[in-house]
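See below for work-v3.pdb, which holds PDB, C-alpha atoms and all ligand atoms.
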```pdb
ATOM      1  CA  MET A  17     -55.576-102.790  35.598  1.00  0.00           C
ATOM      2  CA  SER A  18     -54.485-105.596  33.294  1.00  0.00           C
ATOM      3  CA  SER A  19     -51.654-103.386  32.028  1.00  0.00           C
ATOM      4  CA  TYR A  20     -49.701-104.046  35.236  1.00  0.00           C
ATOM      5  CA  ALA A  21     -47.009-106.726  35.260  1.00  0.00           C
ATOM      6  CA  PRO A  22     -48.555-109.929  36.654  1.00  0.00           C
ATOM      7  CA  PRO A  23     -46.644-109.779  40.013  1.00  0.00           C
ATOM      8  CA  VAL A  24     -47.923-106.233  40.599  1.00  0.00           C
ATOM      9  CA  GLN A  25     -51.440-107.282  39.664  1.00  0.00           C
ATOM     10  CA  ARG A  26     -51.204-110.172  42.099  1.00  0.00           C
ATOM     11  CA  LEU A  27     -50.097-107.891  44.946  1.00  0.00           C
ATOM     12  CA  VAL A  28     -52.902-105.404  44.186  1.00  0.00           C
ATOM     13  CA  SER A  29     -55.479-108.171  44.175  1.00  0.00           C
ATOM     14  CA  GLU A  30     -54.184-109.634  47.491  1.00  0.00           C
ATOM     15  CA  LEU A  31     -54.120-106.201  49.169  1.00  0.00           C
ATOM     16  CA  SER A  32     -57.633-105.380  47.983  1.00  0.00           C
ATOM     17  CA  LYS A  33     -58.920-108.349  50.025  1.00  0.00           C
ATOM     18  CA  LEU A  34     -58.038-106.464  53.246  1.00  0.00           C
ATOM     19  CA  PRO A  35     -60.973-104.849  55.085  1.00  0.00           C
ATOM     20  CA  GLY A  36     -61.498-101.218  54.147  1.00  0.00           C
ATOM     21  CA  VAL A  37     -59.023-101.432  51.269  1.00  0.00           C
ATOM     22  CA  GLY A  38     -60.567-100.742  47.897  1.00  0.00           C
ATOM     23  CA  ASN A  39     -58.861-101.192  44.565  1.00  0.00           C
ATOM     24  CA  ARG A  40     -57.418 -97.662  44.503  1.00  0.00           C
ATOM     25  CA  THR A  41     -55.902 -97.987  47.978  1.00  0.00           C
ATOM     26  CA  ALA A  42     -54.565-101.435  47.064  1.00  0.00           C
ATOM     27  CA  GLN A  43     -52.793 -99.911  44.045  1.00  0.00           C
ATOM     28  CA  ARG A  44     -51.375 -97.116  46.181  1.00  0.00           C
ATOM     29  CA  LEU A  45     -50.062 -99.623  48.758  1.00  0.00           C
ATOM     30  CA  ALA A  46     -48.630-101.846  46.031  1.00  0.00           C
ATOM     31  CA  PHE A  47     -46.686 -98.927  44.529  1.00  0.00           C
ATOM     32  CA  TYR A  48     -45.493 -97.968  47.989  1.00  0.00           C
ATOM     33  CA  ILE A  49     -44.237-101.521  48.572  1.00  0.00           C
ATOM     34  CA  LEU A  50     -42.430-101.404  45.215  1.00  0.00           C
ATOM     35  CA  ARG A  51     -40.498 -98.352  46.419  1.00  0.00           C
ATOM     36  CA  VAL A  52     -39.417 -99.622  49.862  1.00  0.00           C
ATOM     37  CA  SER A  53     -36.073-101.337  50.434  1.00  0.00           C
ATOM     38  CA  ALA A  54     -35.824-105.094  49.892  1.00  0.00           C
ATOM     39  CA  GLU A  55     -35.245-105.386  53.648  1.00  0.00           C
ATOM     40  CA  ASP A  56     -38.484-103.575  54.560  1.00  0.00           C
ATOM     41  CA  ALA A  57     -40.439-105.621  52.035  1.00  0.00           C
ATOM     42  CA  SER A  58     -39.044-108.851  53.503  1.00  0.00           C
ATOM     43  CA  SER A  59     -39.849-107.854  57.062  1.00  0.00           C
ATOM     44  CA  LEU A  60     -43.452-106.994  56.071  1.00  0.00           C
ATOM     45  CA  ALA A  61     -43.842-110.394  54.396  1.00  0.00           C
ATOM     46  CA  ALA A  62     -42.186-112.128  57.369  1.00  0.00           C
ATOM     47  CA  ALA A  63     -44.480-110.333  59.867  1.00  0.00           C
ATOM     48  CA  ILE A  64     -47.551-111.589  57.970  1.00  0.00           C
ATOM     49  CA  LEU A  65     -46.259-115.172  57.970  1.00  0.00           C
ATOM     50  CA  GLU A  66     -45.168-115.009  61.614  1.00  0.00           C
ATOM     51  CA  VAL A  67     -48.522-113.752  62.874  1.00  0.00           C
ATOM     52  CA  ARG A  68     -50.298-116.606  61.074  1.00  0.00           C
ATOM     53  CA  GLU A  69     -47.817-119.168  62.374  1.00  0.00           C
ATOM     54  CA  LYS A  70     -47.383-118.072  65.996  1.00  0.00           C
ATOM     55  CA  VAL A  71     -50.572-116.380  67.093  1.00  0.00           C
ATOM     56  CA  GLY A  72     -53.403-118.535  68.344  1.00  0.00           C
ATOM     57  CA  VAL A  73     -56.085-118.148  70.981  1.00  0.00           C
ATOM     58  CA  CYS A  74     -55.749-118.208  74.767  1.00  0.00           C
ATOM     59  CA  GLU A  75     -56.861-121.518  76.274  1.00  0.00           C
ATOM     60  CA  VAL A  76     -58.823-119.659  78.968  1.00  0.00           C
ATOM     61  CA  CYS A  77     -60.383-116.576  77.382  1.00  0.00           C
ATOM     62  CA  PHE A  78     -59.894-117.028  73.579  1.00  0.00           C
ATOM     63  CA  ASN A  79     -58.090-113.698  73.252  1.00  0.00           C
ATOM     64  CA  LEU A  80     -55.188-113.676  70.775  1.00  0.00           C
ATOM     65  CA  THR A  81     -51.865-114.863  72.184  1.00  0.00           C
ATOM     66  CA  ASP A  82     -48.552-116.440  71.209  1.00  0.00           C
ATOM     67  CA  GLU A  83     -48.495-118.409  74.485  1.00  0.00           C
ATOM     68  CA  PRO A  84     -50.972-121.017  75.808  1.00  0.00           C
ATOM     69  CA  ARG A  85     -52.435-118.276  78.035  1.00  0.00           C
ATOM     70  CA  CYS A  86     -52.706-114.613  77.047  1.00  0.00           C
ATOM     71  CA  ARG A  87     -50.853-111.929  79.004  1.00  0.00           C
ATOM     72  CA  ILE A  88     -54.037-110.849  80.801  1.00  0.00           C
ATOM     73  CA  CYS A  89     -54.968-114.358  82.001  1.00  0.00           C
ATOM     74  CA  ALA A  90     -51.344-114.990  83.010  1.00  0.00           C
ATOM     75  CA  ASP A  91     -51.160-111.755  85.048  1.00  0.00           C
ATOM     76  CA  PRO A  92     -51.647-112.553  88.773  1.00  0.00           C
ATOM     77  CA  ALA A  93     -52.608-108.908  89.437  1.00  0.00           C
ATOM     78  CA  ARG A  94     -55.808-109.279  87.394  1.00  0.00           C
ATOM     79  CA  ASP A  95     -59.047-110.033  89.240  1.00  0.00           C
ATOM     80  CA  ASP A  96     -60.245-113.340  87.796  1.00  0.00           C
ATOM     81  CA  SER A  97     -63.519-113.194  89.742  1.00  0.00           C
ATOM     82  CA  LEU A  98     -64.645-110.525  87.248  1.00  0.00           C
ATOM     83  CA  ILE A  99     -65.095-111.592  83.610  1.00  0.00           C
ATOM     84  CA  CYS A 100     -65.814-109.130  80.806  1.00  0.00           C
ATOM     85  CA  VAL A 101     -67.481-110.792  77.807  1.00  0.00           C
ATOM     86  CA  VAL A 102     -66.644-109.235  74.414  1.00  0.00           C
ATOM     87  CA  GLU A 103     -67.339-110.223  70.824  1.00  0.00           C
ATOM     88  CA  GLU A 104     -63.886-109.998  69.252  1.00  0.00           C
ATOM     89  CA  PRO A 105     -60.238-109.856  70.358  1.00  0.00           C
ATOM     90  CA  SER A 106     -60.154-106.288  68.980  1.00  0.00           C
ATOM     91  CA  ASP A 107     -62.742-105.307  71.650  1.00  0.00           C
ATOM     92  CA  VAL A 108     -60.247-106.070  74.438  1.00  0.00           C
ATOM     93  CA  ILE A 109     -58.047-103.159  73.320  1.00  0.00           C
ATOM     94  CA  PRO A 110     -60.553-100.309  73.944  1.00  0.00           C
ATOM     95  CA  MET A 111     -61.485-101.852  77.330  1.00  0.00           C
ATOM     96  CA  GLU A 112     -57.804-101.943  78.307  1.00  0.00           C
ATOM     97  CA  ARG A 113     -57.332 -98.351  77.146  1.00  0.00           C
ATOM     98  CA  THR A 114     -59.856 -97.168  79.775  1.00  0.00           C
ATOM     99  CA  HIS A 115     -57.375 -98.288  82.511  1.00  0.00           C
ATOM    100  CA  GLU A 116     -60.485 -98.825  84.652  1.00  0.00           C
ATOM    101  CA  TYR A 117     -60.934-102.517  84.124  1.00  0.00           C
ATOM    102  CA  HIS A 118     -58.819-104.936  86.149  1.00  0.00           C
ATOM    103  CA  GLY A 119     -60.714-108.174  85.615  1.00  0.00           C
ATOM    104  CA  VAL A 120     -60.217-110.793  82.901  1.00  0.00           C
ATOM    105  CA  TYR A 121     -61.986-111.349  79.559  1.00  0.00           C
ATOM    106  CA  HIS A 122     -63.920-113.913  77.584  1.00  0.00           C
ATOM    107  CA  VAL A 123     -63.872-113.502  73.802  1.00  0.00           C
ATOM    108  CA  LEU A 124     -66.948-114.995  72.126  1.00  0.00           C
ATOM    109  CA  GLY A 125     -65.675-114.898  68.544  1.00  0.00           C
ATOM    110  CA  GLY A 126     -68.681-112.965  67.203  1.00  0.00           C
ATOM    111  CA  ALA A 127     -72.335-112.306  67.993  1.00  0.00           C
ATOM    112  CA  LEU A 128     -75.522-114.317  67.553  1.00  0.00           C
ATOM    113  CA  SER A 129     -77.060-113.722  64.153  1.00  0.00           C
ATOM    114  CA  PRO A 130     -79.608-116.291  62.971  1.00  0.00           C
ATOM    115  CA  ILE A 131     -79.782-114.580  59.554  1.00  0.00           C
ATOM    116  CA  ASP A 132     -76.067-115.221  59.031  1.00  0.00           C
ATOM    117  CA  GLY A 133     -76.388-118.711  60.513  1.00  0.00           C
ATOM    118  CA  ILE A 134     -74.437-117.815  63.673  1.00  0.00           C
ATOM    119  CA  ASP A 135     -75.907-119.883  66.517  1.00  0.00           C
ATOM    120  CA  PRO A 136     -74.834-120.204  70.179  1.00  0.00           C
ATOM    121  CA  ASP A 137     -72.731-123.250  69.222  1.00  0.00           C
ATOM    122  CA  ASP A 138     -70.643-121.103  66.871  1.00  0.00           C
ATOM    123  CA  LEU A 139     -69.581-118.845  69.750  1.00  0.00           C
ATOM    124  CA  LYS A 140     -67.586-119.610  72.919  1.00  0.00           C
ATOM    125  CA  ILE A 141     -70.736-119.496  75.078  1.00  0.00           C
ATOM    126  CA  ALA A 142     -70.536-123.050  76.451  1.00  0.00           C
ATOM    127  CA  GLU A 143     -66.893-122.327  77.360  1.00  0.00           C
ATOM    128  CA  LEU A 144     -68.000-119.214  79.259  1.00  0.00           C
ATOM    129  CA  ILE A 145     -70.646-121.149  81.202  1.00  0.00           C
ATOM    130  CA  ARG A 146     -68.061-123.812  82.029  1.00  0.00           C
ATOM    131  CA  ARG A 147     -65.637-121.145  83.220  1.00  0.00           C
ATOM    132  CA  VAL A 148     -68.246-119.571  85.462  1.00  0.00           C
ATOM    133  CA  VAL A 149     -69.855-122.716  86.840  1.00  0.00           C
ATOM    134  CA  ALA A 150     -66.657-124.730  87.408  1.00  0.00           C
ATOM    135  CA  THR A 151     -63.967-122.259  88.342  1.00  0.00           C
ATOM    136  CA  ASP A 152     -61.338-124.997  88.620  1.00  0.00           C
ATOM    137  CA  GLY A 153     -60.468-124.057  92.179  1.00  0.00           C
ATOM    138  CA  ARG A 154     -59.209-120.663  91.024  1.00  0.00           C
ATOM    139  CA  GLY A 155     -61.753-118.862  93.172  1.00  0.00           C
ATOM    140  CA  GLU A 156     -65.327-117.911  92.527  1.00  0.00           C
ATOM    141  CA  VAL A 157     -66.419-115.775  89.623  1.00  0.00           C
ATOM    142  CA  ARG A 158     -68.575-113.078  91.227  1.00  0.00           C
ATOM    143  CA  GLU A 159     -69.506-110.946  88.223  1.00  0.00           C
ATOM    144  CA  VAL A 160     -69.827-111.248  84.456  1.00  0.00           C
ATOM    145  CA  VAL A 161     -69.920-107.941  82.555  1.00  0.00           C
ATOM    146  CA  LEU A 162     -71.630-108.304  79.181  1.00  0.00           C
ATOM    147  CA  ALA A 163     -69.729-105.921  76.907  1.00  0.00           C
ATOM    148  CA  THR A 164     -71.012-107.081  73.536  1.00  0.00           C
ATOM    149  CA  ASN A 165     -71.544-104.280  70.992  1.00  0.00           C
ATOM    150  CA  PRO A 166     -74.596-101.981  71.344  1.00  0.00           C
ATOM    151  CA  THR A 167     -76.015-103.429  68.099  1.00  0.00           C
ATOM    152  CA  THR A 168     -79.022-105.696  67.443  1.00  0.00           C
ATOM    153  CA  THR A 169     -76.843-108.808  67.331  1.00  0.00           C
ATOM    154  CA  GLY A 170     -74.764-107.666  70.323  1.00  0.00           C
ATOM    155  CA  GLU A 171     -77.902-107.065  72.411  1.00  0.00           C
ATOM    156  CA  ALA A 172     -79.385-110.434  71.398  1.00  0.00           C
ATOM    157  CA  THR A 173     -76.137-112.129  72.393  1.00  0.00           C
ATOM    158  CA  ALA A 174     -76.068-110.375  75.784  1.00  0.00           C
ATOM    159  CA  LEU A 175     -79.685-111.404  76.489  1.00  0.00           C
ATOM    160  CA  HIS A 176     -79.030-115.004  75.505  1.00  0.00           C
ATOM    161  CA  ILE A 177     -75.960-115.254  77.746  1.00  0.00           C
ATOM    162  CA  ALA A 178     -77.711-113.499  80.653  1.00  0.00           C
ATOM    163  CA  GLU A 179     -80.540-116.038  80.469  1.00  0.00           C
ATOM    164  CA  GLU A 180     -78.124-119.006  80.331  1.00  0.00           C
ATOM    165  CA  LEU A 181     -76.219-117.637  83.332  1.00  0.00           C
ATOM    166  CA  ARG A 182     -79.385-116.925  85.301  1.00  0.00           C
ATOM    167  CA  VAL A 183     -80.346-120.586  85.009  1.00  0.00           C
ATOM    168  CA  ARG A 184     -76.896-122.108  85.581  1.00  0.00           C
ATOM    169  CA  ALA A 185     -75.325-119.654  88.036  1.00  0.00           C
ATOM    170  CA  PRO A 186     -78.128-117.853  89.887  1.00  0.00           C
ATOM    171  CA  ALA A 187     -75.818-116.381  92.572  1.00  0.00           C
ATOM    172  CA  LEU A 188     -73.703-114.590  89.977  1.00  0.00           C
ATOM    173  CA  ALA A 189     -74.002-110.846  89.290  1.00  0.00           C
ATOM    174  CA  VAL A 190     -74.524-110.281  85.558  1.00  0.00           C
ATOM    175  CA  THR A 191     -74.098-106.703  84.361  1.00  0.00           C
ATOM    176  CA  ARG A 192     -74.275-104.829  81.084  1.00  0.00           C
ATOM    177  CA  LEU A 193     -72.312-101.701  80.147  1.00  0.00           C
ATOM    178  CA  ALA A 194     -74.345 -98.544  80.862  1.00  0.00           C
ATOM    179  CA  SER A 195     -75.994 -96.804  77.952  1.00  0.00           C
ATOM    180  CA  GLY A 196     -74.101 -93.849  76.559  1.00  0.00           C
ATOM    181  CA  LEU A 197     -72.226 -95.879  74.002  1.00  0.00           C
ATOM    182  CA  PRO A 198     -73.307 -94.920  70.498  1.00  0.00           C
ATOM    183  CA  VAL A 199     -76.095 -97.339  69.558  1.00  0.00           C
ATOM    184  CA  GLY A 200     -75.383 -99.463  66.505  1.00  0.00           C
ATOM    185  CA  SER A 201     -71.634 -98.941  66.616  1.00  0.00           C
ATOM    186  CA  ASP A 202     -68.808-101.230  67.666  1.00  0.00           C
ATOM    187  CA  LEU A 203     -67.007-101.140  71.005  1.00  0.00           C
ATOM    188  CA  GLU A 204     -63.844-100.951  68.969  1.00  0.00           C
ATOM    189  CA  TYR A 205     -64.660 -97.378  67.955  1.00  0.00           C
ATOM    190  CA  ALA A 206     -65.713 -96.112  71.400  1.00  0.00           C
ATOM    191  CA  ASP A 207     -63.373 -93.564  72.973  1.00  0.00           C
ATOM    192  CA  GLU A 208     -61.866 -94.504  76.329  1.00  0.00           C
ATOM    193  CA  VAL A 209     -63.703 -91.818  78.327  1.00  0.00           C
ATOM    194  CA  THR A 210     -67.160 -92.933  77.114  1.00  0.00           C
ATOM    195  CA  LEU A 211     -66.255 -96.573  77.543  1.00  0.00           C
ATOM    196  CA  GLY A 212     -64.789 -95.950  81.003  1.00  0.00           C
ATOM    197  CA  LYS A 213     -68.047 -94.257  82.067  1.00  0.00           C
ATOM    198  CA  ALA A 214     -70.134 -97.084  80.589  1.00  0.00           C
ATOM    199  CA  LEU A 215     -68.024 -99.538  82.560  1.00  0.00           C
ATOM    200  CA  ALA A 216     -68.201 -97.580  85.842  1.00  0.00           C
ATOM    201  CA  GLY A 217     -72.002 -97.195  85.518  1.00  0.00           C
ATOM    202  CA  ARG A 218     -72.717-100.762  84.453  1.00  0.00           C
ATOM    203  CA  GLN A 219     -76.184-102.023  85.327  1.00  0.00           C
ATOM    204  CA  ALA A 220     -77.192-105.336  86.839  1.00  0.00           C
ATOM    205  CA  VAL A 221     -79.073-107.578  84.409  1.00  0.00           C
ATOM    206  CA  TYR A 222     -79.968-109.842  87.326  1.00  0.00           C
ATOM    207  CA  GLY A 223     -78.465-110.952  90.611  1.00  0.00           C
ATOM    208  CA  ARG A 224     -78.392-107.605  92.413  1.00  0.00           C
ATOM    209  CA  GLY A 225     -81.666-106.012  91.403  1.00  0.00           C
ATOM    210  CA  THR A 226     -81.320-103.100  89.029  1.00  0.00           C
ATOM    211  CA  GLU A 227     -79.045-100.831  91.036  1.00  0.00           C
ATOM    212  CA  THR A 228     -75.729 -99.733  89.590  1.00  0.00           C
ATOM    213  CA  VAL A 229     -72.947-102.071  90.599  1.00  0.00           C
ATOM    214  CA  ARG A 230     -69.934-100.476  92.246  1.00  0.00           C
ATOM    215  CA  ASP A 231     -66.583-102.148  92.748  1.00  0.00           C
TER
HETATM  216 ZN    ZN B 301     -56.636-115.221  78.174  1.00  0.00          ZN
END
```

Represent the structure of the file as structure tokens.
Ligand SMILES: [Zn+2]
Amino acid sequence: MSSYAPPVQRLVSELSKLPGVGNRTAQRLAFYILRVSAEDASSLAAAILEVREKVGVCEVCFNLTDEPRCRICADPARDDSLICVVEEPSDVIPMERTHEYHGVYHVLGGALSPIDGIDPDDLKIAELIRRVVATDGRGEVREVVLATNPTTTGEATALHIAEELRVRAPALAVTRLASGLPVGSDLEYADEVTLGKALAGRQAVYGRGTETVRD
């Protein structure tokens, strides 16, 4: 390792910080980058800087965006009376791939995990409640779909939010994606057919008994 020229070593060590990239892969990527044209190397570096500079979070739903509002919130064709709550911006992508969801989103920024010190205040839960309770004259929110991951922390987060909503917005329908998603895995890895079925068969947590909710 230390036999590399310092700039190569620096690139390897930066690349190895990426998720899923071990030292071997980092070396392979570094040697690949050394072989590409100066132009390709510059555009890779520029893309990294640009994404950090220009991409922030949507003022409504906290999804990633380079505008004040993300493309989904800004789209008048989306049904903003239906809010799908997900953990991370990356969870919006599989939901969109189903082509069966036409509502809007709310990105929490993680899941409750007391062990890791992640409390309700660390997530965008208060913002969700505010969005649901005071809809700013943009029409009533009629349903919140809890689409947190089918993991221990995801389930705990869904239960916490359902309870908060039950107290603050008792007329609201609160639903959870139907089972069928692989337990313990992330939404991100669910295929669109399974996720589409889980969405179509979503179950009421409260508000409409326990029957399956149909659009
Ligand atoms: Zn948005």

Practice task
Please write out the residues within 8 Å of ligand ZN 301 (chain B) as a list in words, counting only C-alpha atoms and all ligand atoms.
Solution key: Val73, Cys74, Glu75, Val76, Cys77, Phe78, Asn79, Leu80, Thr81, Arg85, Cys86, Arg87, Ile88, Cys89, Ala90, Val120, Tyr121 and His122 of chain A

At a cut-off of 7 Å, can you tabulate as a tab-separated table every residue of range 49-165 of chain A near range 201-221 of chain A together with its closest atom pair and the distance in Å to one decimal, using only C-alpha atoms and ordering rows by chain then number?
```
residue	atom	partner	partner_atom	distance
A:Ser106	CA	A:Glu204	CA	6.5
A:Asp107	CA	A:Glu204	CA	5.2
A:Pro110	CA	A:Glu204	CA	6.0
A:Arg113	CA	A:Glu208	CA	6.0
A:Thr114	CA	A:Glu208	CA	4.8
A:Glu116	CA	A:Gly212	CA	6.3
A:Asn165	CA	A:Asp202	CA	5.3
```

Practice task
Please identify all polymer residues within 12 Å of range 134-148 of chain A, counting all atoms listed in the file, omitting same-chain residues fewer than 4 positions from it, and present them as a PyMOL selection string.
Solution key: chain A and resi 73+75-79+96-104+120-130+152-162+169+172-190

Exercise for the section: Just give me the gap between CA of Pro84 in chain A and CA of Gly72 in chain A in Å, one decimal is fine. Expected result: 8.2 Å

Practice task
Evaluate the PyMOL selection byres (((chain A and resi 42) around 9) and not hetatm) and record the selected residues as a list in words, following the chain and residue labels used in the document.
Solution key: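 Evaluating the PyMOL selection byres (((chain A and resi 42) around 9) and not hetatm) on these coordinates yields Leu27, Val28, Ser29, Glu30, Leu31, Ser32, Lys33, Leu34, Val37, Gly38, Asn39, Arg40, Thr41, Gln43, Arg44, Leu45, Ala46 and Phe47 of chain A.
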
Exercise for the section: Grab the CA of Val71 in chain A to CA of Asp95 in chain A distance for me, in Å with one decimal place. Expected result: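 If I compute the distance from CA of Val71 in chain A to CA of Asp95 in chain A, I get 24.5 Å.
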
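Closest to Glu66 in chain A among A:Ile49, A:Ala54, A:Asp82, A:Ile109 is A:Asp82, based on only C-alpha atoms.
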
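CA of Asp132 in chain A lies 24.4 Å from CA of Arg192 in chain A.
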